[in-house]
Structure formats: C-alpha cells, structure tokens
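A.B. asks: structure20.pdb is the file, holding PDB, C-alpha atoms:
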```pdb
ATOM      1  CA  MET A   1      -1.728  -7.189 -15.132
ATOM      2  CA  LYS A   2       0.484  -4.426 -13.731
ATOM      3  CA  GLN A   3       1.268  -3.121 -17.216
ATOM      4  CA  TYR A   4      -2.440  -2.681 -17.929
ATOM      5  CA  LEU A   5      -2.930  -0.826 -14.655
ATOM      6  CA  ILE A   6       0.034   1.478 -15.293
ATOM      7  CA  THR A   7      -1.362   2.205 -18.759
ATOM      8  CA  LEU A   8      -4.750   2.980 -17.197
ATOM      9  CA  ILE A   9      -3.116   5.392 -14.771
ATOM     10  CA  ALA A  10      -1.347   7.152 -17.643
ATOM     11  CA  ILE A  11      -4.567   7.514 -19.660
ATOM     12  CA  ILE A  12      -6.525   8.877 -16.706
ATOM     13  CA  SER A  13      -3.677  11.286 -15.923
ATOM     14  CA  ILE A  14      -3.762  12.657 -19.476
ATOM     15  CA  CYS A  15      -7.535  13.130 -19.224
ATOM     16  CA  PHE A  16      -7.061  14.994 -15.956
ATOM     17  CA  CYS A  17      -4.438  17.261 -17.511
ATOM     18  CA  THR A  18      -6.711  18.253 -20.388
ATOM     19  CA  ALA A  19      -9.897  18.705 -18.377
ATOM     20  CA  ALA A  20      -8.926  20.057 -14.973
ATOM     21  CA  GLN A  21      -8.001  23.561 -13.887
ATOM     22  CA  ARG A  22      -5.150  22.271 -11.724
ATOM     23  CA  VAL A  23      -3.298  18.977 -11.581
ATOM     24  CA  GLU A  24      -0.855  17.819  -8.942
ATOM     25  CA  VAL A  25       1.511  14.887  -9.399
ATOM     26  CA  PHE A  26       2.953  13.464  -6.188
ATOM     27  CA  GLY A  27       5.410  10.858  -5.058
ATOM     28  CA  GLY A  28       6.441   9.849  -1.580
ATOM     29  CA  TYR A  29       7.268   7.208   0.950
ATOM     30  CA  SER A  30       4.500   5.438   2.864
ATOM     31  CA  TYR A  31       4.922   3.846   6.277
ATOM     32  CA  GLY A  32       2.506   1.818   8.406
ATOM     33  CA  SER A  33       1.393  -1.671   9.368
ATOM     34  CA  GLU A  34      -1.388  -1.954   6.762
ATOM     35  CA  ILE A  35       1.110  -1.551   3.904
ATOM     36  CA  GLY A  36       2.678  -4.984   4.253
ATOM     37  CA  LYS A  37      -0.372  -6.778   5.610
ATOM     38  CA  LEU A  38      -0.741 -10.259   4.138
ATOM     39  CA  VAL A  39      -3.836 -12.274   3.338
ATOM     40  CA  ASN A  40      -5.365 -13.690   6.521
ATOM     41  CA  SER A  41      -3.988 -17.243   6.282
ATOM     42  CA  LYS A  42      -2.112 -18.848   9.145
ATOM     43  CA  PRO A  43      -0.259 -22.191   8.924
ATOM     44  CA  SER A  44      -0.471 -24.968  11.489
ATOM     45  CA  LEU A  45       0.664 -28.584  11.766
ATOM     46  CA  PRO A  46      -1.149 -31.784  12.729
ATOM     47  CA  ASP A  47      -1.351 -32.228  16.516
ATOM     48  CA  GLU A  48       1.027 -35.191  16.497
ATOM     49  CA  ILE A  49       3.811 -33.066  14.968
ATOM     50  CA  GLY A  50       3.600 -30.058  17.271
ATOM     51  CA  SER A  51       2.697 -26.403  17.417
ATOM     52  CA  MET A  52       4.368 -23.362  15.909
ATOM     53  CA  ASN A  53       4.715 -19.648  16.363
ATOM     54  CA  VAL A  54       3.762 -17.464  13.402
ATOM     55  CA  GLY A  55       4.779 -13.872  12.833
ATOM     56  CA  ASP A  56       4.948 -11.353   9.995
ATOM     57  CA  GLN A  57       8.195  -9.532   9.341
ATOM     58  CA  GLY A  58       9.571  -7.345   6.604
ATOM     59  CA  ASN A  59       8.288  -4.320   4.753
ATOM     60  CA  LYS A  60       6.090  -1.809   6.504
ATOM     61  CA  GLY A  61       7.041   0.900   4.015
ATOM     62  CA  ALA A  62       6.572   1.472   0.299
ATOM     63  CA  PHE A  63       6.752   4.072  -2.445
ATOM     64  CA  THR A  64       3.566   5.746  -3.615
ATOM     65  CA  ILE A  65       2.983   7.783  -6.764
ATOM     66  CA  GLY A  66      -0.212   9.411  -7.923
ATOM     67  CA  VAL A  67      -2.056  12.301  -9.481
ATOM     68  CA  ASN A  68      -4.923  14.510  -8.288
ATOM     69  CA  ALA A  69      -6.990  16.820 -10.462
ATOM     70  CA  ARG A  70      -9.337  19.552  -9.299
ATOM     71  CA  VAL A  71     -12.918  18.913 -10.333
ATOM     72  CA  PHE A  72     -14.745  21.598  -8.340
ATOM     73  CA  LYS A  73     -13.292  24.364  -6.162
ATOM     74  CA  GLY A  74     -11.515  22.558  -3.293
ATOM     75  CA  LEU A  75     -12.493  19.061  -4.418
ATOM     76  CA  SER A  76     -10.050  16.908  -6.404
ATOM     77  CA  ALA A  77     -10.240  13.377  -7.806
ATOM     78  CA  GLY A  78      -7.187  11.197  -8.095
ATOM     79  CA  ILE A  79      -5.524   7.863  -8.620
ATOM     80  CA  SER A  80      -2.445   6.445  -6.883
ATOM     81  CA  TRP A  81      -0.216   3.380  -6.974
ATOM     82  CA  THR A  82       1.645   1.866  -4.011
ATOM     83  CA  SER A  83       4.210  -0.892  -4.522
ATOM     84  CA  ILE A  84       5.574  -3.187  -1.785
ATOM     85  CA  ASN A  85       8.491  -5.559  -2.395
ATOM     86  CA  ASN A  86       7.982  -8.372   0.100
ATOM     87  CA  THR A  87       6.501  -9.147   3.465
ATOM     88  CA  GLU A  88       7.717 -12.297   5.178
ATOM     89  CA  ARG A  89       5.603 -14.660   7.255
ATOM     90  CA  ARG A  90       7.931 -16.748   9.387
ATOM     91  CA  PHE A  91       7.107 -20.043  11.103
ATOM     92  CA  SER A  92       9.146 -21.046  14.151
ATOM     93  CA  TYR A  93       8.913 -24.101  16.398
ATOM     94  CA  PRO A  94       9.526 -24.111  20.157
ATOM     95  CA  HIS A  95      12.433 -26.577  19.856
ATOM     96  CA  HIS A  96      13.517 -25.871  16.294
ATOM     97  CA  SER A  97      13.497 -22.090  16.045
ATOM     98  CA  SER A  98      16.808 -22.027  14.165
ATOM     99  CA  PHE A  99      15.328 -23.718  11.078
ATOM    100  CA  PRO A 100      14.206 -21.250   8.388
ATOM    101  CA  ASN A 101      10.554 -21.761   7.547
ATOM    102  CA  ASN A 102       8.897 -18.833   5.805
ATOM    103  CA  PHE A 103       7.234 -17.428   2.726
ATOM    104  CA  LYS A 104       7.639 -14.011   1.137
ATOM    105  CA  GLN A 105       4.914 -12.267  -0.800
ATOM    106  CA  GLY A 106       4.932  -8.931  -2.593
ATOM    107  CA  SER A 107       1.920  -6.754  -3.297
ATOM    108  CA  SER A 108       0.852  -3.580  -5.081
ATOM    109  CA  SER A 109      -2.272  -1.500  -4.668
ATOM    110  CA  ILE A 110      -4.160   0.987  -6.792
ATOM    111  CA  LEU A 111      -6.588   3.481  -5.242
ATOM    112  CA  PHE A 112      -9.127   5.912  -6.660
ATOM    113  CA  SER A 113      -9.558   8.772  -4.218
ATOM    114  CA  PHE A 114     -11.024  12.184  -3.484
ATOM    115  CA  LYS A 115      -9.165  15.029  -1.816
ATOM    116  CA  TYR A 116     -10.782  18.045  -0.184
ATOM    117  CA  ASP A 117      -8.870  21.249   0.642
ATOM    118  CA  TRP A 118     -10.485  22.711   3.747
ATOM    119  CA  PHE A 119      -8.004  25.364   4.929
ATOM    120  CA  LYS A 120      -5.542  27.613   3.099
ATOM    121  CA  PHE A 121      -3.222  30.249   4.480
ATOM    122  CA  LEU A 122      -0.526  31.793   2.299
ATOM    123  CA  LYS A 123       1.615  28.856   1.076
ATOM    124  CA  LEU A 124       0.136  26.351   3.508
ATOM    125  CA  ASN A 125      -2.796  24.062   2.707
ATOM    126  CA  LEU A 126      -4.646  21.572   4.914
ATOM    127  CA  TYR A 127      -6.730  18.813   3.379
ATOM    128  CA  SER A 128      -8.224  15.344   3.811
ATOM    129  CA  ARG A 129      -8.185  12.432   1.377
ATOM    130  CA  ALA A 130     -10.028   9.103   1.107
ATOM    131  CA  GLY A 131      -9.824   6.351  -1.473
ATOM    132  CA  ILE A 132     -10.812   2.810  -2.353
ATOM    133  CA  GLY A 133      -9.372   0.287  -4.776
ATOM    134  CA  ALA A 134      -7.612  -3.069  -4.884
ATOM    135  CA  VAL A 135      -4.421  -4.718  -3.653
ATOM    136  CA  PHE A 136      -2.755  -7.314  -5.885
ATOM    137  CA  TYR A 137      -0.748 -10.051  -4.190
ATOM    138  CA  ASN A 138       2.026 -11.838  -6.080
ATOM    139  CA  THR A 139       2.562 -15.589  -5.936
ATOM    140  CA  PRO A 140       4.429 -16.238  -2.641
ATOM    141  CA  LYS A 141       7.926 -17.694  -2.501
ATOM    142  CA  PHE A 142       8.038 -20.465   0.087
ATOM    143  CA  HIS A 143      11.074 -21.955   1.836
ATOM    144  CA  SER A 144      11.358 -24.637   4.518
ATOM    145  CA  GLU A 145      14.135 -27.016   5.521
ATOM    146  CA  ASN A 146      11.734 -29.406   7.245
ATOM    147  CA  TYR A 147       8.338 -29.458   5.553
ATOM    148  CA  GLN A 148       6.830 -29.109   2.133
ATOM    149  CA  PHE A 149       4.376 -26.322   1.416
ATOM    150  CA  ASP A 150       1.532 -28.839   1.116
ATOM    151  CA  ASN A 151       2.222 -30.299   4.575
ATOM    152  CA  PHE A 152       0.905 -27.225   6.345
ATOM    153  CA  ILE A 153      -2.735 -26.826   7.290
ATOM    154  CA  TRP A 154      -3.859 -23.316   6.302
ATOM    155  CA  SER A 155      -6.711 -21.256   7.628
ATOM    156  CA  ASN A 156      -8.583 -19.643   4.705
ATOM    157  CA  GLY A 157      -6.523 -21.660   2.212
ATOM    158  CA  ALA A 158      -2.850 -21.644   1.279
ATOM    159  CA  PRO A 159      -1.348 -18.286   0.198
ATOM    160  CA  LYS A 160      -1.400 -17.613  -3.544
ATOM    161  CA  ALA A 161      -1.632 -14.771  -6.036
ATOM    162  CA  CYS A 162      -4.931 -12.958  -5.497
ATOM    163  CA  THR A 163      -6.723  -9.610  -5.367
ATOM    164  CA  ARG A 164      -8.323  -8.006  -2.335
ATOM    165  CA  LEU A 165     -10.102  -4.771  -1.448
ATOM    166  CA  ALA A 166      -7.862  -1.837  -0.487
ATOM    167  CA  TRP A 167      -8.705   1.503   1.114
ATOM    168  CA  GLN A 168      -7.083   4.584   2.587
ATOM    169  CA  VAL A 169      -8.337   7.443   4.758
ATOM    170  CA  SER A 170      -5.912  10.308   5.333
ATOM    171  CA  PHE A 171      -7.608  12.388   7.996
ATOM    172  CA  VAL A 172      -5.192  15.321   7.835
ATOM    173  CA  GLY A 173      -2.786  16.303   5.092
ATOM    174  CA  ILE A 174      -0.379  19.255   5.162
ATOM    175  CA  GLU A 175       0.887  20.780   1.944
ATOM    176  CA  TYR A 176       3.507  23.535   1.723
ATOM    177  CA  ARG A 177       4.428  25.241  -1.549
ATOM    178  CA  PRO A 178       7.601  27.313  -1.211
ATOM    179  CA  ILE A 179       7.450  27.993  -4.959
ATOM    180  CA  LYS A 180       4.540  27.986  -7.395
ATOM    181  CA  TRP A 181       5.194  24.646  -9.111
ATOM    182  CA  VAL A 182       6.731  22.523  -6.357
ATOM    183  CA  GLY A 183       5.697  21.636  -2.820
ATOM    184  CA  VAL A 184       6.168  19.138  -0.015
ATOM    185  CA  PHE A 185       3.422  17.260   1.792
ATOM    186  CA  ALA A 186       2.659  14.842   4.608
ATOM    187  CA  GLU A 187      -0.507  12.881   5.370
ATOM    188  CA  GLY A 188      -1.605  10.997   8.460
ATOM    189  CA  GLY A 189      -4.263   8.316   8.360
ATOM    190  CA  LEU A 190      -5.126   4.635   8.099
ATOM    191  CA  GLY A 191      -5.169   2.130   5.272
ATOM    192  CA  ARG A 192      -3.117   0.451   2.574
ATOM    193  CA  GLN A 193      -0.920   3.503   1.993
ATOM    194  CA  GLY A 194       0.090   3.580   5.637
ATOM    195  CA  ALA A 195      -0.202   5.739   8.706
ATOM    196  CA  LEU A 196       2.180   8.307   7.207
ATOM    197  CA  LEU A 197       2.731   9.357   3.602
ATOM    198  CA  ALA A 198       5.216  12.124   2.868
ATOM    199  CA  GLY A 199       7.005  13.389  -0.212
ATOM    200  CA  LEU A 200       7.036  15.927  -3.049
ATOM    201  CA  LYS A 201       4.350  17.405  -5.296
ATOM    202  CA  VAL A 202       4.584  19.057  -8.687
ATOM    203  CA  PHE A 203       1.712  21.370  -9.662
ATOM    204  CA  ILE A 204       0.668  21.753 -13.286
TER     205      ILE A 204
END
```
Mind turning the file's structure into structure tokens?
C.D. replies:
Amino acid sequence: MKQYLITLIAIISICFCTAAQRVEVFGGYSYGSEIGKLVNSKPSLPDEIGSMNVGDQGNKGAFTIGVNARVFKGLSAGISWTSINNTERRFSYPHHSSFPNNFKQGSSSILFSFKYDWFKFLKLNLYSRAGIGAVFYNTPKFHSENYQFDNFIWSNGAPKACTRLAWQVSFVGIEYRPIKWVGVFAEGGLGRQGALLAGLKVFI
C-alpha cells in the first residue's frame, strides 16, 4: 500500500513541476501529540480479575516530506507524507505494575493541502496551510507476560491495521530564504503533522 502511495506522490510531483510556475520541496521534523495518536480503543479486564491503568507512550515526533506548487498568485497546492515508527500503549495493574503489558503500533499519513502566502517582506514570507487526507495504521505488535491478546475486552474493537481520516491546520508558517533556491521554515498548528513542523525547503 505504501509503495502505491509513494508512487502517487512522485507522479503528482512531476505534474506539479511541469505545470506550475514555482515548486517547493520540503522536509522537516514534526512534533506534537496528534502525531502518535492511536485508534481510540482501550483495554479492560473482567471485573473478577481487576482493573488496570492505560497510557500511551512513545513517539510524538516524525519526519515529514512534501511538495507544494503554485497554482495562482499566492495560492499553492501540495501533498505531504508523515511517517511515525511506533507509539506504545502500556497496560499496568495496581499490584503488578512491573509486568510488561503493551502493544506498539506504527502509522503513516498522507495529506493533500493548500498553502496561502499572505505576507512577504524581502526574504521573509508568512503563510498558512491546511490539509486533509488519511492515516494508515500498521498491524500492532502485542506483548504480555500475563494475558493473551484475546483476553482483553476492547472498547471500539481490538487494535488492528486500519485507515482513518487525517487533517492538519498550520495557522502560521514562517519561511526564510537566505539564497534563491534554499530556505528554512517553521509552522505552528494542529493536526496529524503536529503542533510544530520545521525544516528545509528547496525552490525549483
């Protein structure tokens, strides 16, 4: 599935390069709680066994790559890919907290977005960006020393490979181009690509 999506990104990028007046390719590091958010399923045990504490740990950061192409004046259309290794959901018991009980699940997201440049001054550019797409969850890896995966009672079903809606709104982005072809950027917002996305851009 990922290979088809990467191929799609490449094809769209080539179309952008041939049709647009300006293309920017960017890559950076994303950070924020939405990046590693798992599917809303929480485990529990039958009342006669006891209760548990559940918490998510692990990746809140990921690498993002993408491309934007100008379609009209300050408006650009783009596509981006964010990949997350694993987020861990750990189960602990009041009297058995030392036993490892957890599952790890990786995810990747693809977003189609629009970017609007609303202020320019010399080499500085301010913009906003918003996108929508999908997040693809891998099959989780489960480990427990005490219980089998099937022994848990799951809200919304047991975790598995699936696809969910993804979105991102970057309210303010700052772009600085010290030279014509290369720049640095940072974005602040909400969504699957995190509260902060920062990195490098190459302008074609």
A.B. asks: Near Pro159 of chain A, within 12 Å and counting all atoms listed in the file, which residues show up once chain neighbours fewer than 6 positions away are dropped, as number ranges by chain?
C.D. replies: A: 38-43, 88-89, 102-106, 137-142, 149-150, 152-153
A.B. asks: Find, counting only C-alpha atoms, the residue in A:Val172, A:Ile179, A:Ser144, A:Ile110 that gets nearest to Lys201 of chain A.
C.D. replies: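 Once distances to Lys201 of chain A are computed over only C-alpha atoms, the minimum belongs to A:Ile179.
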A.B. asks: May I ask which of the residues A:Ile35, A:Ala134, A:Ala69, A:Leu200 is the closest one to Phe185 of chain A, counting all atoms listed in the file?
C.D. replies: A:Leu200
A.B. asks: Do you know which residues the PyMOL selection byres ((chain A and resi 108) around 6) returns on this file, as a list of chain:residue names?
C.D. replies: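 In the shown coordinates, the PyMOL selection byres ((chain A and resi 108) around 6) covers A:Thr82, A:Ser83, A:Ile84, A:Ser107, A:Ser109, A:Val135, A:Phe136.
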A.B. asks: Which residue gives the smallest distance to Phe112 of chain A among A:Gly28, A:Gly188, A:Gly194, A:Gly78, with only C-alpha atoms counted?
C.D. replies: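 Counting only C-alpha atoms, the residue closest to Phe112 of chain A is A:Gly78.
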A.B. asks: Nearest residue to Tyr31 of chain A out of A:Thr87, A:Thr163, A:Gln193, A:Ser155, using all atoms listed in the file?
C.D. replies: A:Gln193
A.B. asks: Under the rule that all atoms listed in the file are counted, which of A:Ser44, A:Asn68, A:Asn101, A:Ser170 is the nearest residue to Leu126 of chain A?
C.D. replies: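 Result for the nearest residue to Leu126 of chain A: A:Ser170.
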A.B. asks: Have a look at A:Ser30, A:Ala130, A:Trp118, A:Lys123 and name the one nearest to Val182 of chain A; count only C-alpha atoms.
C.D. replies: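 Among the listed residues, the smallest separation from Val182 of chain A belongs to A:Lys123.
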A.B. asks: If you apply the PyMOL selection byres ((chain A and resi 117) around 12) to this file, what residues do you get, as a list in words?
C.D. replies: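 Expected selection for the PyMOL selection byres ((chain A and resi 117) around 12) here is Asn68, Arg70, Val71, Phe72, Lys73, Gly74, Leu75, Ser76, Ala77, Phe114, Lys115, Tyr116, Trp118, Phe119, Lys120, Phe121, Leu124, Asn125, Leu126, Tyr127, Ser128, Arg129, Phe171, Val172, Gly173, Ile174 and Glu175 of chain A.
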A.B. asks: Since I can't run it myself right now, could you work out what the PyMOL selection byres ((chain A and resi 166) around 9) selects here and report it as a list in words?
C.D. replies: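 Applied to this file, the PyMOL selection byres ((chain A and resi 166) around 9) returns Ser109, Ile110, Leu111, Gly131, Ile132, Gly133, Ala134, Val135, Arg164, Leu165, Trp167, Gln168, Gly191 and Arg192 of chain A.
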A.B. asks: Could you tell me how far atom CA of Ala198 of chain A lies from atom CA of Ser113 of chain A, in Å and to one decimal?
C.D. replies: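 Those two atoms sit 16.7 Å apart.
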A.B. asks: May I ask for the distance between atom CA of Asn85 of chain A and atom CA of Val184 of chain A, given in Å to one decimal place?
C.D. replies: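 Pair atom CA of Asn85 of chain A / atom CA of Val184 of chain A returns 24.9 Å.
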